[in-house]
Every structure is written in structure tokens, then in C-alpha cells.
Amino acid sequence: MKQFIPLFFLFLSTVHLQAQVATDNPCKTKVDSIVQSALLTFMQDTSRVSAEVGVYSGGQTYIYRYSKTSLPDIHTPYEIGSISKTFTGYLLAKAVVNKKVKLEDDIRFYLNGDYPNLQYKGRAIQLKHLITHLSGLPFLLPDNRELFQQPEDSIPGIINAQQQDYSTAAFLNDLHQVQLNTVPGYHFKYSNAGAQLLGIILERIYGMSYGELVRKFITRPRHMKHTTALLPDNAAKGYNQRGRIMPYNPPMLAAAGGIYSSIDDMLEYIRLHADETDPSAKLTHQPAWGDMNNFAIGLNWQMNKTSNGLRRIWQSGGTFGFASYCVVYPERNTGIVILTNEADRTAQDALGVAAGKIFEGLE
């Protein structure tokens with residue numbers, strides 16, 4: 001009887017959780033069961049609202065939805081945060097493949113005016129440094145070094161107000177004030193400003209807007225109809241851990257974290273990266289910094305190897321009201337993506353854990 005009681009209450013708690021979380025998972029196949037276990041664990045946190053899971057494995061795609069309110073449509077766009085940087089990295093790789101640029105080019109080749117400050121001891125910032133967080137540029141421009149000393153609840157409003165009407169001209173003017181304190185290419189320093197600057201440079205190289213570049217080279221060829229760099233009318237609402245609706249990223253942050261995509265489109269994006277037949281996608285997976293056996297960064301993918309030697313290539317995203325996680329295993333031609341419309345300090349890591357459990361189950 002002493003052994004039966006804990007199991008009985010565990011059963012009751014699981015039933016209670018399933019009653020609270022609506023899902024379209026039929027729980028009939030092995031993949032269904034693997035996803036169900038991982039996502040019910042993720043949704044146990046009282047802050048979670050909705051989550052959508054996409055799995056690409058064995059040439060098949062699977063989509064599952066979970067929600068404590070109503071199930072979202074599979075075409076609903078979510079803000080994907082820093083996964084947007086992998087789109088920007090792909091656009092840079094496309095420019096390299098098209099022989100328009102080289103990864104090692106001095107970024108000042110593509111900027112009007114004089115920027116003697118964008119070098120340190122004769123070593124200039126290169127294009128690849130902008131998307132790998134090795135440029136030495138600040139987290140954001142204008143550089144508000146006291147930003148994260150403010151009350152946590154006030155930070156989204158501060159960033160939103162700062163970036164909402166921020167122009168490219170103002171950004172480039174503030175770029176003149178940056179002072180590097182280390183040689184570019186060696187020290188990791190997270191920088192949204194670097195990805196923003198790369199977006200501006202790509203616009204100049206191709207003579208079209210960042211959103212047009214995403215359409216031309218990614219979403220149109222891959223038939224991703226619900227992915228855009230502009231806020232769509234049917235975008236999901238994002239929440240913080242207290243259930244408060246949060247603002248979306250301003251357009252100026254598109255290249256760094258402002259793309260919107262749906263779960264079905266992100267599965268197509270996974271297919272692009274998982275089979276590596278596209279030379280631009282493959283180039284984004286090449287380590288630009290670090291050691292692949294431990295931890296490396298591509299264009300802007302994070303990478304390492306699993307215990308059995310498989311490459312694991314991933315990126316997570318977090319905005320004011322959204323968290324996301326995307327991972328591919330090219331040797332298995334497999335990938336997993338999870339999108340959720342709630343952001344807190346633990347959401348991105350929890351999504352990574354859920355995706356890891358799913359892959360382990362598939363293996």
C-alpha cells in the first residue's frame with residue numbers, strides 16, 4: 001500500500017494536467033507518445049500558455065499543438081526571436097555563394113563614411129563577426145549600458161521605446177561612437193547590434209529591404225507563406241510569466257530577432273537545414289568560432305556533437321512575449337522546432353530540454 005499511494009497520486013496529477021492542457025496529439029504512434037511526454041512536462045509550468053511542436057524525421061513531418069486556452073491554428077505566426085539571426089546568417093551565406101562578398105571582408109567596405117573606430121590595433125570587424133557575436137559591438141545601439149540595471153519589468157518598455165522610431169541613419173550615426181576594447185573575432189560578446197548592422201549591409205549589397213531579401217531567398221523558394229519580417233495581422237499574442245500581453249519587437253530589430261513564422265513554415269525551414277543539399281544552408285553550419293567537439297558558432301547556429309558523434313545544430317529565441325527552439329541533426333536528416341507564446345527566464349532552456357527528450361526518443 002505504501003508503494004501504491006505515490007503512484008496513484010502521480011496518476012491523478014497527470015490526469016489533472018492533461019485535463020488542463022488541450023492538445024490535438026492523438027497519442028497513437030511512437031512519435032506521438034514521445035512528444036506528449038516532453039510537452040506535458042513543459043506545459044506543467046503555470047506560466048505556459050500555448051506551444052506548437054514540429055518534428056521532421058524519416059522524411060515525415062509531424063505537428064502537435066498544446067494550449068491552456070484554445071488550440072492555435074498551425075498557420076499562426078509566432079515571433080521567433082534570435083532564430084531570426086539564422087535567417088540573416090543564411091542571407092550572408094547566400095551572398096558568399098553568389099560571390100558578392102567574402103566572410104572575411106572588412107565591414108567598412110560596405111559602409112559610407114569613415115569608421116576608424118571599427119577596428120582594434122589594426123584588426124577590423126569582418127562580416128562573419130557580425131553574426132557570430134565576435135564583433136565587439138554593444139548589445140544594442142544606442143548603447144545603454146545601464147539597461148539591465150533597471151527593474152526587470154521595465155526593460156521591455158525601455159527597449160521598445162528606444163527602438164520603435166530608431167532609424168538606420170540614427171543607428172549608423174551611433175555606430176561612429178562605438179569604441180572596441182578587444183580584437184574582433186576572438187571574444188564572444190552577445191550583440192543584437194551586430195546582426196542589425198549585417199542586415200543593413202545586406203540591404204545595401206542587394207539594393208532591397210531586409211524583408212524583401214527574406215522573401216526572395218528563403219520564404220518564396222521554400223513556399224513559407226506565413227513567415228515575414230513585418231508584423232502580420234494574425235500574429236499570436238505573446239505573454240510574460242505573469243500573463244501580461246507583451247509588445248512585439250520593433251521593425252528595426254528584424255535582422256536580430258524580429259521574424260515571425262508558423263510551425264508548418266518552420267518545419268520547412270528545418271528541411272532546408274537538415275539535409276544540407278543547399279550550399280548556403282551548409283555554409284551556415286561551418287564553425288566560425290570554437291570547437292565543434294565542445295561548442296562552436298556558425299552563421300548564427302550554435303553547434304556541438306552528441307555523445308555518439310552526431311552534429312547538433314541549434315538556436316533558441318526569446319523576445320518580450322515569445323520563446324522558441326530549433327535544432328537539426330544533419331547526419332539523421334532530422335529536426336525539431338517548438339514555438340511558444342510565453343517568455344520567462346526558464347522558457348528557452350525548458351524548450352531545449354523538451355526537444356532533447358524528443359530526439360532521444362526518436363533515436
# chains A, B, ... in the order shown; residues from 1 in each chain; ligands from 1
$ select_by_dssp --residues "range 6-227 of chain A" --states "alpha helix (DSSP H)" --output "ChimeraX atom specification"
/A:6-20,30-43,84-97,127-131,155-164,168-175,192-206,210-214
$ residues_around --residues "Val214 in chain A" --least-positions-apart "5" --cutoff "9 Å" --atoms "only C-alpha atoms" --output "PyMOL selection string"
chain A and resi 87-88+91+209+219-220+227-229
$ residues_around --residues "range 328-344 of chain A" --least-positions-apart "2" --cutoff "9 Å" --atoms "only C-alpha atoms" --output "PyMOL selection string"
chain A and resi 47-59+78-80+236-241+243+262-263+266-267+270-271+273-276+310-314+318-326+346-348+351-352+354-356+358-359
$ closest_residue --among "A:Ile131, A:Tyr269, A:Gly257, A:Gln162" --to "Lys225 in chain A" --atoms "only C-alpha atoms"
A:Tyr269
$ residues_around --residues "range 284-287 of chain A" --least-positions-apart "2" --cutoff "7 Å" --atoms "only C-alpha atoms" --output "PyMOL selection string"
chain A and resi 89-90+93+280-282+289-290+292+296-299+301
$ write_last_selection --atoms "all heavy atoms" --output "short mmCIF file (atom, residue, chain, number, x, y, z; two decimals), in the first residue's frame"
data_model
loop_
_atom_site.label_atom_id
_atom_site.label_comp_id
_atom_site.auth_asym_id
_atom_site.auth_seq_id
_atom_site.Cartn_x
_atom_site.Cartn_y
_atom_site.Cartn_z
N GLY A 89 22.03 34.97 -41.12
CA GLY A 89 23.23 34.23 -41.45
C GLY A 89 23.11 33.52 -42.79
O GLY A 89 24.07 33.46 -43.57
N TYR A 90 21.92 33.00 -43.08
CA TYR A 90 21.69 32.34 -44.38
C TYR A 90 21.81 33.35 -45.52
O TYR A 90 22.39 33.04 -46.58
CB TYR A 90 20.30 31.69 -44.40
CG TYR A 90 19.98 31.00 -45.71
CD1 TYR A 90 20.33 29.67 -45.92
CD2 TYR A 90 19.34 31.68 -46.75
CE1 TYR A 90 20.06 29.04 -47.13
CE2 TYR A 90 19.06 31.06 -47.95
CZ TYR A 90 19.42 29.74 -48.13
OH TYR A 90 19.16 29.11 -49.34
N ALA A 93 25.39 33.91 -46.12
CA ALA A 93 25.95 32.76 -46.82
C ALA A 93 25.55 32.77 -48.29
O ALA A 93 26.36 32.44 -49.17
CB ALA A 93 25.48 31.47 -46.15
N SER A 280 24.19 27.22 -49.35
CA SER A 280 24.14 28.33 -48.41
C SER A 280 23.80 27.85 -47.01
O SER A 280 24.39 28.28 -46.02
CB SER A 280 23.11 29.38 -48.87
OG SER A 280 23.44 29.88 -50.15
N ALA A 281 22.84 26.91 -46.91
CA ALA A 281 22.50 26.34 -45.61
C ALA A 281 23.70 25.61 -45.03
O ALA A 281 24.02 25.75 -43.84
CB ALA A 281 21.31 25.40 -45.74
N LYS A 282 24.39 24.84 -45.86
CA LYS A 282 25.55 24.10 -45.39
C LYS A 282 26.65 25.03 -44.88
O LYS A 282 27.30 24.76 -43.87
CB LYS A 282 26.09 23.20 -46.50
CG LYS A 282 27.18 22.25 -46.02
CD LYS A 282 27.54 21.24 -47.10
CE LYS A 282 28.57 20.25 -46.58
NZ LYS A 282 28.89 19.21 -47.60
N TRP A 289 33.72 29.95 -35.11
CA TRP A 289 34.40 30.18 -33.82
C TRP A 289 34.16 28.96 -32.94
O TRP A 289 33.08 28.37 -32.95
CB TRP A 289 33.84 31.42 -33.14
CG TRP A 289 34.44 31.73 -31.80
CD1 TRP A 289 35.61 32.40 -31.55
CD2 TRP A 289 33.89 31.40 -30.51
NE1 TRP A 289 35.82 32.51 -30.20
CE2 TRP A 289 34.79 31.90 -29.53
CE3 TRP A 289 32.75 30.73 -30.09
CZ2 TRP A 289 34.56 31.75 -28.17
CZ3 TRP A 289 32.52 30.57 -28.73
CH2 TRP A 289 33.41 31.08 -27.78
N GLY A 290 35.17 28.55 -32.21
CA GLY A 290 35.01 27.47 -31.26
C GLY A 290 35.42 26.11 -31.81
O GLY A 290 35.94 25.99 -32.92
N MET A 292 33.96 22.30 -32.59
CA MET A 292 32.73 21.55 -32.81
C MET A 292 32.55 20.40 -31.80
O MET A 292 31.43 20.03 -31.46
CB MET A 292 32.72 20.99 -34.24
CG MET A 292 31.42 20.35 -34.66
SD MET A 292 30.13 21.61 -34.86
CE MET A 292 28.70 20.57 -35.15
N ALA A 296 30.67 25.37 -30.70
CA ALA A 296 31.08 26.25 -31.79
C ALA A 296 29.89 27.08 -32.24
O ALA A 296 28.74 26.78 -31.92
CB ALA A 296 31.63 25.43 -32.96
N ILE A 297 30.20 28.13 -32.98
CA ILE A 297 29.16 29.00 -33.54
C ILE A 297 29.35 29.07 -35.05
O ILE A 297 30.47 29.28 -35.54
CB ILE A 297 29.23 30.42 -32.96
CG1 ILE A 297 29.08 30.38 -31.45
CG2 ILE A 297 28.14 31.30 -33.57
CD1 ILE A 297 29.26 31.73 -30.79
N GLY A 298 28.27 28.87 -35.77
CA GLY A 298 28.27 29.06 -37.22
C GLY A 298 27.66 30.42 -37.52
O GLY A 298 27.86 31.38 -36.79
N LEU A 299 26.88 30.48 -38.61
CA LEU A 299 26.25 31.77 -39.00
C LEU A 299 24.78 31.75 -38.62
O LEU A 299 23.95 31.60 -39.45
CB LEU A 299 26.40 31.99 -40.53
CG LEU A 299 27.81 31.93 -41.12
CD1 LEU A 299 27.78 32.15 -42.62
CD2 LEU A 299 28.72 32.96 -40.46
N TRP A 301 24.13 29.71 -36.04
CA TRP A 301 23.79 28.49 -35.34
C TRP A 301 24.81 28.19 -34.24
O TRP A 301 26.00 28.42 -34.41
CB TRP A 301 23.76 27.32 -36.32
CG TRP A 301 22.67 27.39 -37.34
CD1 TRP A 301 22.79 27.81 -38.64
CD2 TRP A 301 21.30 27.05 -37.16
NE1 TRP A 301 21.58 27.74 -39.27
CE2 TRP A 301 20.64 27.27 -38.39
CE3 TRP A 301 20.57 26.57 -36.08
CZ2 TRP A 301 19.29 27.03 -38.56
CZ3 TRP A 301 19.21 26.33 -36.25
CH2 TRP A 301 18.58 26.55 -37.47
#
$ atom_distance --atom1 "CA of Val96 in chain A" --atom2 "CA of Tyr110 in chain A"
14.3 Å
$ closest_residue --among "A:Asn293, A:Gly258, A:Gln164, A:Val183" --to "Lys305 in chain A" --atoms "only C-alpha atoms"
A:Asn293
$ closest_residue --among "A:Ala169, A:Ala254, A:Ala350, A:Ile218" --to "Met43 in chain A" --atoms "only C-alpha atoms"
A:Ala350
$ closest_residue --among "A:Phe295, A:Ser261, A:Leu92, A:Asp45" --to "Glu104 in chain A" --atoms "only C-alpha atoms"
A:Leu92
$ closest_residue --among "A:Pro250, A:Ala255, A:Ala161, A:Pro116" --to "Glu203 in chain A" --atoms "only C-alpha atoms"
A:Ala255
$ closest_residue --among "A:Val353, A:Ile159, A:Leu111, A:Met246" --to "His176 in chain A" --atoms "only C-alpha atoms"
A:Leu111
$ select_by_dssp --residues "range 64-131 of chain A" --states "strand (DSSP E)" --output "number ranges by chain"
A: 64-67, 78-79, 119-120, 123-124
$ write_last_selection --atoms "C-alpha atoms" --output "mmCIF file, in the first residue's frame"
data_model
loop_
_atom_site.group_PDB
_atom_site.id
_atom_site.type_symbol
_atom_site.label_atom_id
_atom_site.label_comp_id
_atom_site.auth_asym_id
_atom_site.auth_seq_id
_atom_site.Cartn_x
_atom_site.Cartn_y
_atom_site.Cartn_z
ATOM 1 C CA TYR A 64 1.283 18.939 -32.447
ATOM 2 C CA ARG A 65 -0.473 21.752 -30.612
ATOM 3 C CA TYR A 66 -0.869 22.322 -26.871
ATOM 4 C CA SER A 67 -2.774 25.106 -25.124
ATOM 5 C CA TYR A 78 4.940 33.449 -33.688
ATOM 6 C CA GLU A 79 7.796 35.839 -33.036
ATOM 7 C CA GLN A 119 38.973 48.178 -35.688
ATOM 8 C CA TYR A 120 41.253 47.405 -32.783
ATOM 9 C CA ARG A 123 42.286 44.306 -36.853
ATOM 10 C CA ALA A 124 38.934 45.186 -38.425
#
$ atom_distance --atom1 "CA of Leu134 in chain A" --atom2 "CA of Leu283 in chain A"
17.8 Å
$ atom_distance --atom1 "CA of Arg145 in chain A" --atom2 "CA of Asn173 in chain A"
17.7 Å
$ residues_around --residues "Ser135 in chain A" --least-positions-apart "4" --cutoff "10 Å" --atoms "only C-alpha atoms" --output "count of residues only"
24
